[in-house]
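Structure file upload_24.txt; described as compact mmCIF, N, CA and C atoms and all ligand atoms.
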```txt
# COMPACT_ATOMS: atom_id res chain seq x y z
N MET Z 205 -312.86 3.90 -96.67
CA MET Z 205 -311.84 4.84 -97.13
C MET Z 205 -311.53 5.85 -96.03
N GLU Z 206 -312.64 6.38 -95.46
CA GLU Z 206 -312.41 7.40 -94.43
C GLU Z 206 -311.70 6.82 -93.21
N ALA Z 207 -312.03 5.55 -92.92
CA ALA Z 207 -311.39 4.91 -91.77
C ALA Z 207 -309.87 4.83 -92.01
N GLY Z 208 -309.52 4.55 -93.27
CA GLY Z 208 -308.10 4.47 -93.61
C GLY Z 208 -307.39 5.78 -93.38
N THR Z 209 -308.05 6.86 -93.76
CA THR Z 209 -307.44 8.18 -93.59
C THR Z 209 -307.17 8.46 -92.11
N VAL Z 210 -308.19 8.14 -91.31
CA VAL Z 210 -308.07 8.40 -89.87
C VAL Z 210 -306.91 7.59 -89.29
N SER Z 211 -306.85 6.31 -89.71
CA SER Z 211 -305.83 5.46 -89.09
C SER Z 211 -304.42 5.90 -89.52
N SER Z 212 -304.29 6.40 -90.75
CA SER Z 212 -302.95 6.81 -91.15
C SER Z 212 -302.54 8.09 -90.41
N ALA Z 213 -303.56 8.95 -90.16
CA ALA Z 213 -303.25 10.14 -89.37
C ALA Z 213 -302.87 9.72 -87.95
N GLY Z 214 -303.57 8.70 -87.48
CA GLY Z 214 -303.28 8.21 -86.13
C GLY Z 214 -301.87 7.65 -86.05
N CYS Z 215 -301.43 7.02 -87.12
CA CYS Z 215 -300.09 6.45 -87.13
C CYS Z 215 -299.04 7.54 -87.18
N PHE Z 216 -299.38 8.61 -87.83
CA PHE Z 216 -298.39 9.64 -88.10
C PHE Z 216 -297.91 10.32 -86.81
N ALA Z 217 -298.90 10.64 -85.94
CA ALA Z 217 -298.55 11.38 -84.72
C ALA Z 217 -297.48 10.70 -83.87
N PRO Z 218 -297.63 9.40 -83.58
CA PRO Z 218 -296.64 8.80 -82.68
C PRO Z 218 -295.23 8.75 -83.29
N THR Z 219 -295.12 8.77 -84.61
CA THR Z 219 -293.78 8.68 -85.20
C THR Z 219 -293.02 9.99 -85.07
N GLU Z 220 -293.75 11.07 -84.85
CA GLU Z 220 -293.09 12.38 -84.84
C GLU Z 220 -291.99 12.51 -83.79
N PRO Z 221 -292.24 12.12 -82.56
CA PRO Z 221 -291.18 12.28 -81.55
C PRO Z 221 -289.91 11.49 -81.88
N LEU Z 222 -290.04 10.47 -82.73
CA LEU Z 222 -288.87 9.65 -83.07
C LEU Z 222 -287.81 10.45 -83.83
N LEU Z 223 -288.23 11.57 -84.39
CA LEU Z 223 -287.27 12.37 -85.13
C LEU Z 223 -286.16 12.88 -84.23
N GLN Z 224 -286.50 13.13 -82.99
CA GLN Z 224 -285.52 13.75 -82.11
C GLN Z 224 -284.30 12.87 -81.82
N PRO Z 225 -284.49 11.63 -81.41
CA PRO Z 225 -283.29 10.80 -81.16
C PRO Z 225 -282.44 10.64 -82.42
N THR Z 226 -283.11 10.59 -83.57
CA THR Z 226 -282.36 10.46 -84.82
C THR Z 226 -281.42 11.62 -85.00
N ARG Z 227 -281.97 12.83 -84.79
CA ARG Z 227 -281.14 14.02 -84.95
C ARG Z 227 -279.99 14.01 -83.96
N ARG Z 228 -280.31 13.59 -82.75
CA ARG Z 228 -279.27 13.61 -81.73
C ARG Z 228 -278.14 12.64 -82.10
N SER Z 229 -278.51 11.50 -82.66
CA SER Z 229 -277.46 10.54 -82.99
C SER Z 229 -276.62 11.05 -84.17
N GLU Z 230 -277.22 11.86 -85.03
CA GLU Z 230 -276.42 12.46 -86.10
C GLU Z 230 -275.38 13.41 -85.52
N MET Z 231 -275.81 14.18 -84.53
CA MET Z 231 -274.87 15.10 -83.89
C MET Z 231 -273.76 14.32 -83.20
N TRP Z 232 -274.13 13.21 -82.62
CA TRP Z 232 -273.16 12.36 -81.93
C TRP Z 232 -272.11 11.87 -82.93
N CYS Z 233 -272.57 11.48 -84.12
CA CYS Z 233 -271.64 11.04 -85.16
C CYS Z 233 -270.70 12.17 -85.53
N HIS Z 234 -271.25 13.36 -85.61
CA HIS Z 234 -270.45 14.53 -85.94
C HIS Z 234 -269.35 14.73 -84.91
N ALA Z 235 -269.74 14.63 -83.65
CA ALA Z 235 -268.78 14.83 -82.57
C ALA Z 235 -267.69 13.77 -82.67
N MET Z 236 -268.08 12.55 -83.00
CA MET Z 236 -267.11 11.46 -83.07
C MET Z 236 -266.10 11.68 -84.19
N SER Z 237 -266.56 12.24 -85.30
CA SER Z 237 -265.65 12.38 -86.44
C SER Z 237 -264.58 13.42 -86.17
N ALA Z 238 -264.76 14.23 -85.11
CA ALA Z 238 -263.75 15.22 -84.77
C ALA Z 238 -262.59 14.57 -84.03
N LEU Z 239 -262.80 13.36 -83.56
CA LEU Z 239 -261.73 12.68 -82.83
C LEU Z 239 -260.70 12.13 -83.82
N PRO Z 240 -259.47 11.98 -83.35
CA PRO Z 240 -258.44 11.43 -84.24
C PRO Z 240 -258.74 9.97 -84.58
N ALA Z 241 -258.32 9.55 -85.73
CA ALA Z 241 -258.46 8.15 -86.12
C ALA Z 241 -257.58 7.29 -85.22
N CYS Z 242 -257.94 6.03 -85.10
CA CYS Z 242 -257.18 5.11 -84.25
C CYS Z 242 -255.74 5.00 -84.76
N PRO Z 243 -254.76 5.24 -83.89
CA PRO Z 243 -253.36 5.13 -84.33
C PRO Z 243 -252.94 3.69 -84.63
N GLU Z 244 -253.70 2.74 -84.14
CA GLU Z 244 -253.35 1.33 -84.37
C GLU Z 244 -253.87 0.83 -85.71
N CYS Z 245 -255.18 1.04 -85.94
CA CYS Z 245 -255.77 0.45 -87.15
C CYS Z 245 -256.32 1.50 -88.11
N GLY Z 246 -256.29 2.77 -87.70
CA GLY Z 246 -256.75 3.82 -88.60
C GLY Z 246 -258.26 3.99 -88.65
N SER Z 247 -258.98 3.26 -87.78
CA SER Z 247 -260.44 3.37 -87.75
C SER Z 247 -260.86 4.79 -87.39
N GLU Z 248 -261.91 5.28 -88.06
CA GLU Z 248 -262.39 6.61 -87.75
C GLU Z 248 -263.52 6.57 -86.74
N PHE Z 249 -263.91 5.38 -86.30
CA PHE Z 249 -265.05 5.26 -85.40
C PHE Z 249 -264.63 5.31 -83.94
N THR Z 250 -263.65 6.12 -83.65
CA THR Z 250 -263.17 6.23 -82.29
C THR Z 250 -264.14 7.05 -81.45
N TYR Z 251 -264.14 6.80 -80.16
CA TYR Z 251 -264.99 7.61 -79.28
C TYR Z 251 -264.23 7.95 -78.01
N GLU Z 252 -264.77 8.97 -77.32
CA GLU Z 252 -264.12 9.42 -76.10
C GLU Z 252 -264.63 8.66 -74.90
N ASP Z 253 -263.74 8.30 -74.00
CA ASP Z 253 -264.11 7.71 -72.73
C ASP Z 253 -263.30 8.44 -71.67
N GLY Z 254 -263.92 9.45 -71.06
CA GLY Z 254 -263.16 10.29 -70.14
C GLY Z 254 -262.12 11.06 -70.92
N HIS Z 255 -260.89 11.00 -70.49
CA HIS Z 255 -259.85 11.68 -71.27
C HIS Z 255 -259.06 10.68 -72.12
N MET Z 256 -259.68 9.52 -72.34
CA MET Z 256 -259.07 8.54 -73.24
C MET Z 256 -259.86 8.47 -74.54
N CYS Z 257 -259.19 8.10 -75.60
CA CYS Z 257 -259.87 7.77 -76.84
C CYS Z 257 -259.89 6.25 -76.95
N VAL Z 258 -261.00 5.73 -77.44
CA VAL Z 258 -261.14 4.28 -77.54
C VAL Z 258 -261.51 3.92 -78.97
N CYS Z 259 -260.88 2.87 -79.48
CA CYS Z 259 -261.22 2.38 -80.81
C CYS Z 259 -262.10 1.14 -80.68
N PRO Z 260 -263.30 1.18 -81.25
CA PRO Z 260 -264.20 0.04 -81.14
C PRO Z 260 -263.78 -1.13 -82.03
N GLU Z 261 -262.90 -0.90 -82.97
CA GLU Z 261 -262.54 -1.96 -83.92
C GLU Z 261 -261.40 -2.84 -83.43
N CYS Z 262 -260.39 -2.22 -82.77
CA CYS Z 262 -259.27 -3.04 -82.31
C CYS Z 262 -259.08 -2.91 -80.80
N ALA Z 263 -260.00 -2.16 -80.14
CA ALA Z 263 -259.99 -2.01 -78.69
C ALA Z 263 -258.77 -1.25 -78.18
N HIS Z 264 -258.09 -0.54 -79.06
CA HIS Z 264 -256.94 0.26 -78.64
C HIS Z 264 -257.43 1.48 -77.86
N GLU Z 265 -256.73 1.80 -76.77
CA GLU Z 265 -257.06 2.99 -75.98
C GLU Z 265 -255.83 3.87 -75.90
N TRP Z 266 -256.02 5.16 -76.02
CA TRP Z 266 -254.87 6.05 -75.89
C TRP Z 266 -255.33 7.39 -75.32
N ALA Z 267 -254.40 8.10 -74.74
CA ALA Z 267 -254.73 9.38 -74.13
C ALA Z 267 -254.92 10.43 -75.20
N LYS Z 268 -255.95 11.25 -74.99
CA LYS Z 268 -256.14 12.36 -75.91
C LYS Z 268 -255.02 13.35 -75.69
N GLY Z 269 -254.23 13.60 -76.68
CA GLY Z 269 -253.12 14.54 -76.52
C GLY Z 269 -253.62 15.97 -76.52
N ALA Z 270 -252.87 16.85 -75.85
CA ALA Z 270 -253.20 18.27 -75.89
C ALA Z 270 -252.91 18.82 -77.28
N ASP Z 271 -252.09 18.09 -78.03
CA ASP Z 271 -251.71 18.55 -79.37
C ASP Z 271 -252.64 17.98 -80.43
N GLY Z 272 -253.91 17.86 -80.09
CA GLY Z 272 -254.88 17.29 -81.02
C GLY Z 272 -254.95 18.04 -82.33
N ALA Z 273 -254.81 19.35 -82.26
CA ALA Z 273 -254.91 20.16 -83.47
C ALA Z 273 -253.75 19.86 -84.41
N ASP Z 274 -252.57 19.72 -83.84
CA ASP Z 274 -251.40 19.39 -84.65
C ASP Z 274 -251.56 18.02 -85.28
N ASP Z 275 -252.15 17.14 -84.49
CA ASP Z 275 -252.32 15.77 -84.93
C ASP Z 275 -253.16 15.69 -86.21
N ALA Z 276 -254.15 16.54 -86.30
CA ALA Z 276 -255.04 16.51 -87.45
C ALA Z 276 -254.28 16.87 -88.72
N LYS Z 277 -253.25 17.69 -88.56
CA LYS Z 277 -252.47 18.12 -89.72
C LYS Z 277 -251.34 17.14 -90.03
N ALA Z 278 -251.13 16.19 -89.13
CA ALA Z 278 -249.98 15.30 -89.26
C ALA Z 278 -250.04 14.54 -90.58
N VAL Z 279 -248.87 14.28 -91.12
CA VAL Z 279 -248.77 13.47 -92.33
C VAL Z 279 -248.76 12.01 -91.89
N ARG Z 280 -249.67 11.22 -92.43
CA ARG Z 280 -249.81 9.84 -92.01
C ARG Z 280 -249.55 8.90 -93.18
N ASP Z 281 -249.02 7.74 -92.86
CA ASP Z 281 -248.81 6.75 -93.91
C ASP Z 281 -250.12 6.00 -94.15
N VAL Z 282 -250.07 4.99 -94.99
CA VAL Z 282 -251.28 4.27 -95.38
C VAL Z 282 -251.98 3.63 -94.19
N HIS Z 283 -251.24 3.32 -93.13
CA HIS Z 283 -251.83 2.71 -91.95
C HIS Z 283 -252.20 3.72 -90.88
N GLY Z 284 -252.01 5.01 -91.17
CA GLY Z 284 -252.37 6.04 -90.20
C GLY Z 284 -251.27 6.36 -89.21
N ASN Z 285 -250.08 5.79 -89.41
CA ASN Z 285 -248.96 6.15 -88.55
C ASN Z 285 -248.48 7.55 -88.91
N VAL Z 286 -248.20 8.33 -87.90
CA VAL Z 286 -247.73 9.69 -88.14
C VAL Z 286 -246.28 9.65 -88.60
N LEU Z 287 -245.99 10.34 -89.69
CA LEU Z 287 -244.64 10.39 -90.22
C LEU Z 287 -243.95 11.67 -89.78
N ALA Z 288 -242.62 11.60 -89.68
CA ALA Z 288 -241.85 12.77 -89.26
C ALA Z 288 -240.64 12.92 -90.17
N ASP Z 289 -240.10 14.12 -90.18
CA ASP Z 289 -238.86 14.36 -90.93
C ASP Z 289 -237.80 13.36 -90.50
N GLY Z 290 -237.07 12.80 -91.47
CA GLY Z 290 -235.98 11.88 -91.15
C GLY Z 290 -236.42 10.43 -91.07
N ASP Z 291 -237.75 10.17 -91.15
CA ASP Z 291 -238.23 8.79 -91.11
C ASP Z 291 -237.82 8.04 -92.38
N SER Z 292 -237.83 6.71 -92.26
CA SER Z 292 -237.69 5.86 -93.44
C SER Z 292 -239.05 5.25 -93.75
N VAL Z 293 -239.38 5.19 -95.02
CA VAL Z 293 -240.67 4.61 -95.41
C VAL Z 293 -240.46 3.61 -96.55
N THR Z 294 -241.45 2.76 -96.74
CA THR Z 294 -241.43 1.80 -97.82
C THR Z 294 -242.60 2.09 -98.75
N VAL Z 295 -242.32 2.10 -100.05
CA VAL Z 295 -243.37 2.36 -101.04
C VAL Z 295 -244.27 1.13 -101.14
N ILE Z 296 -245.60 1.35 -101.12
CA ILE Z 296 -246.53 0.20 -101.08
C ILE Z 296 -247.12 -0.13 -102.45
N LYS Z 297 -246.84 0.66 -103.47
CA LYS Z 297 -247.28 0.28 -104.82
C LYS Z 297 -246.34 0.91 -105.83
N ASP Z 298 -246.30 0.33 -107.02
CA ASP Z 298 -245.47 0.90 -108.08
C ASP Z 298 -245.95 2.32 -108.37
N LEU Z 299 -245.01 3.25 -108.37
CA LEU Z 299 -245.37 4.64 -108.63
C LEU Z 299 -244.60 5.15 -109.83
N LYS Z 300 -245.32 5.59 -110.84
CA LYS Z 300 -244.67 6.17 -112.00
C LYS Z 300 -244.14 7.54 -111.63
N VAL Z 301 -242.93 7.83 -112.07
CA VAL Z 301 -242.38 9.16 -111.82
C VAL Z 301 -242.80 10.05 -112.96
N LYS Z 302 -243.54 11.09 -112.61
CA LYS Z 302 -244.10 12.01 -113.60
C LYS Z 302 -243.03 12.52 -114.56
N GLY Z 303 -243.30 12.48 -115.85
CA GLY Z 303 -242.39 13.05 -116.83
C GLY Z 303 -241.21 12.17 -117.17
N THR Z 304 -241.14 10.98 -116.60
CA THR Z 304 -240.04 10.07 -116.92
C THR Z 304 -240.62 8.68 -117.15
N SER Z 305 -239.75 7.78 -117.56
CA SER Z 305 -240.22 6.40 -117.71
C SER Z 305 -239.87 5.58 -116.47
N SER Z 306 -239.34 6.25 -115.46
CA SER Z 306 -238.95 5.55 -114.24
C SER Z 306 -240.16 5.17 -113.41
N VAL Z 307 -240.01 4.06 -112.72
CA VAL Z 307 -241.05 3.61 -111.80
C VAL Z 307 -240.39 3.32 -110.46
N VAL Z 308 -240.96 3.86 -109.41
CA VAL Z 308 -240.51 3.49 -108.08
C VAL Z 308 -241.26 2.22 -107.71
N LYS Z 309 -240.50 1.14 -107.59
CA LYS Z 309 -241.13 -0.16 -107.39
C LYS Z 309 -241.70 -0.30 -105.98
N VAL Z 310 -242.77 -1.08 -105.90
CA VAL Z 310 -243.33 -1.42 -104.59
C VAL Z 310 -242.24 -2.07 -103.75
N GLY Z 311 -242.15 -1.69 -102.50
CA GLY Z 311 -241.13 -2.25 -101.62
C GLY Z 311 -239.87 -1.42 -101.54
N THR Z 312 -239.77 -0.40 -102.41
CA THR Z 312 -238.59 0.47 -102.37
C THR Z 312 -238.53 1.19 -101.04
N LYS Z 313 -237.36 1.14 -100.43
CA LYS Z 313 -237.20 1.83 -99.15
C LYS Z 313 -236.66 3.23 -99.40
N VAL Z 314 -237.30 4.19 -98.78
CA VAL Z 314 -236.89 5.58 -98.95
C VAL Z 314 -236.46 6.12 -97.59
N ARG Z 315 -235.20 6.54 -97.52
CA ARG Z 315 -234.68 7.01 -96.23
C ARG Z 315 -234.73 8.52 -96.12
N ASN Z 316 -234.78 8.97 -94.89
CA ASN Z 316 -234.64 10.39 -94.58
C ASN Z 316 -235.63 11.27 -95.35
N ILE Z 317 -236.90 10.99 -95.18
CA ILE Z 317 -237.92 11.79 -95.85
C ILE Z 317 -238.04 13.17 -95.21
N ARG Z 318 -238.58 14.10 -95.97
CA ARG Z 318 -238.85 15.42 -95.43
C ARG Z 318 -240.31 15.74 -95.73
N LEU Z 319 -241.03 16.18 -94.71
CA LEU Z 319 -242.45 16.46 -94.90
C LEU Z 319 -242.63 17.86 -95.45
N VAL Z 320 -243.50 17.97 -96.43
CA VAL Z 320 -243.78 19.26 -97.04
C VAL Z 320 -245.29 19.44 -97.16
N ASP Z 321 -245.72 20.67 -97.37
CA ASP Z 321 -247.13 20.93 -97.60
C ASP Z 321 -247.47 20.59 -99.04
N GLY Z 322 -248.70 20.18 -99.24
CA GLY Z 322 -249.13 19.97 -100.61
C GLY Z 322 -249.71 18.60 -100.83
N ASP Z 323 -250.10 18.37 -102.07
CA ASP Z 323 -250.73 17.13 -102.49
C ASP Z 323 -249.75 15.97 -102.31
N HIS Z 324 -248.52 16.17 -102.79
CA HIS Z 324 -247.45 15.21 -102.55
C HIS Z 324 -246.68 15.72 -101.35
N ASN Z 325 -246.92 15.10 -100.20
CA ASN Z 325 -246.47 15.72 -98.96
C ASN Z 325 -245.17 15.15 -98.41
N ILE Z 326 -244.49 14.35 -99.19
CA ILE Z 326 -243.19 13.82 -98.75
C ILE Z 326 -242.13 14.17 -99.80
N ASP Z 327 -241.11 14.86 -99.37
CA ASP Z 327 -239.96 15.18 -100.20
C ASP Z 327 -238.89 14.14 -99.88
N CYS Z 328 -238.32 13.53 -100.91
CA CYS Z 328 -237.33 12.49 -100.59
C CYS Z 328 -236.42 12.25 -101.78
N LYS Z 329 -235.45 11.41 -101.55
CA LYS Z 329 -234.52 11.05 -102.61
C LYS Z 329 -234.58 9.53 -102.74
N VAL Z 330 -234.91 9.07 -103.92
CA VAL Z 330 -235.02 7.63 -104.13
C VAL Z 330 -233.76 7.14 -104.82
N ASP Z 331 -233.15 6.09 -104.27
CA ASP Z 331 -231.93 5.53 -104.85
C ASP Z 331 -232.15 5.19 -106.32
N GLY Z 332 -231.26 5.66 -107.17
CA GLY Z 332 -231.34 5.32 -108.59
C GLY Z 332 -232.28 6.20 -109.37
N ILE Z 333 -233.05 7.04 -108.71
CA ILE Z 333 -234.01 7.89 -109.42
C ILE Z 333 -233.74 9.36 -109.12
N GLY Z 334 -233.51 9.65 -107.85
CA GLY Z 334 -233.21 11.03 -107.51
C GLY Z 334 -234.28 11.66 -106.65
N ALA Z 335 -234.21 12.97 -106.55
CA ALA Z 335 -235.15 13.69 -105.70
C ALA Z 335 -236.55 13.62 -106.29
N MET Z 336 -237.52 13.35 -105.45
CA MET Z 336 -238.90 13.34 -105.91
C MET Z 336 -239.85 13.55 -104.75
N GLN Z 337 -241.12 13.69 -105.08
CA GLN Z 337 -242.13 13.86 -104.04
C GLN Z 337 -243.12 12.72 -104.10
N LEU Z 338 -243.50 12.26 -102.93
CA LEU Z 338 -244.43 11.14 -102.82
C LEU Z 338 -245.68 11.58 -102.08
N LYS Z 339 -246.73 10.81 -102.27
CA LYS Z 339 -247.92 11.00 -101.45
C LYS Z 339 -247.84 10.05 -100.26
N SER Z 340 -248.17 10.56 -99.10
CA SER Z 340 -248.02 9.75 -97.88
C SER Z 340 -248.92 8.53 -97.91
N GLU Z 341 -250.03 8.55 -98.67
CA GLU Z 341 -250.91 7.38 -98.68
C GLU Z 341 -250.34 6.20 -99.47
N TYR Z 342 -249.21 6.43 -100.17
CA TYR Z 342 -248.61 5.34 -100.93
C TYR Z 342 -247.36 4.78 -100.25
N VAL Z 343 -247.15 5.16 -99.00
CA VAL Z 343 -245.98 4.64 -98.28
C VAL Z 343 -246.44 4.10 -96.93
N LYS Z 344 -245.57 3.26 -96.35
CA LYS Z 344 -245.78 2.86 -94.97
C LYS Z 344 -244.47 3.06 -94.21
N LYS Z 345 -244.61 3.40 -92.96
CA LYS Z 345 -243.45 3.67 -92.13
C LYS Z 345 -242.60 2.39 -92.05
N ALA Z 346 -241.29 2.53 -92.30
CA ALA Z 346 -240.43 1.37 -92.30
C ALA Z 346 -240.00 1.02 -90.86
ZN ZN S 1 -258.17 0.63 -83.81
```
Turn the structure described in the file into structure tokens.
Amino acid sequence: MEAGTVSSAGCFAPTEPLLQPTRRSEMWCHAMSALPACPECGSEFTYEDGHMCVCPECAHEWAKGADGADDAKAVRDVHGNVLADGDSVTVIKDLKVKGTSSVVKVGTKVRNIRLVDGDHNIDCKVDGIGAMQLKSEYVKKA
């Protein structure tokens, strides 16, 4: 019994230094999550290589823009493409219009969107339905 106690204590000591690399890799993950998602595939596992950003999933490389802060606030479609005022988008799923029996069908093209702050971050006019607000995650850039 006593031998067992000694050996477990002996095992314990060498494992202690292993804590350090673990912590460091957590910090590394943290640093990585501050980078913008891949503009090609939307992967969040991007990393920095010099002044380039690299996506490990689709091998896309792009320059880190000086406007990184703005980029984080950018309104993105379901694929991570940045949307802008005046863009045309396509609805990717049937969306019920709140308070009505109308449904914006999947595939509906919406022209000349306007970006707004809020949960529904796209202001637009849908043919046959009228002015409404959409969530950017339910559209893709046309
Ligand atoms: Zn990618």
| field | Distance criterion (all atoms listed in the file): nearest to Trp266 of chain Z out of Z:Gly284, Z:Gly334, Z:Pro243, Z:Gly311 | value |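 The answer is Z:Pro243, which sits nearest to Trp266 of chain Z.
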| request: For each of Z:Pro240, Z:Gly254, Z:Gly322, Z:Pro260, take the minimum atom-to-atom distance to ligand ZN 1 (chain S), counting all atoms listed in the file, then give the residue where this is smallest. | output: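 Checking each candidate against ligand ZN 1 (chain S), we get Z:Pro260 as the closest.
Minimum atom-to-atom distance to ligand ZN 1 (chain S), evaluated using only N, CA and C atoms and all ligand atoms, belongs to Z:Ala263 out of Z:Arg315, Z:Cys257, Z:Tyr251, Z:Ala263.
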| When the cut-off is 5 Å and you count all atoms listed in the file, which residues lie near ligand ZN 1 (chain S), shown as a list of chain:residue names? | Z:Cys242, Z:Glu244, Z:Cys245, Z:Gly246, Z:Ser247, Z:Cys259, Z:Glu261, Z:Cys262, Z:Ala263, Z:His264
| task | Around the point (-236.9, 5.4, -90.1), in the coordinates given by the file, pick out the residues reaching within 6.5 Å, counting only N, CA and C atoms, and return them as a list in words. | result |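 Residues with an atom at most 6.5 Å from (-236.9, 5.4, -90.1): Gly290, Asp291, Ser292, Val293, Asn316 and Ala346 of chain Z.
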| message | I need the helix (DSSP H, G or I) residues of segment 234-340 of chain Z per DSSP on the backbone, written as a ChimeraX atom specification. | response | /Z:234-237,272-277,340
| task | Give me the residues within 7 Å of Asp323 of chain Z as number ranges by chain, counting only N, CA and C atoms and dropping any in the same chain fewer than 5 places off. | result | Z: 338-340
| field | Interatomic distance, atom CA of Arg318 of chain Z to atom CA of Gly303 of chain Z (Å, one decimal) | value | 21.8 Å
| task | Can you work out the spacing between atom CA of Ala267 of chain Z and atom CA of His255 of chain Z in Å, to one decimal? | result |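 Going from atom CA of Ala267 of chain Z over to atom CA of His255 of chain Z covers 6.3 Å.
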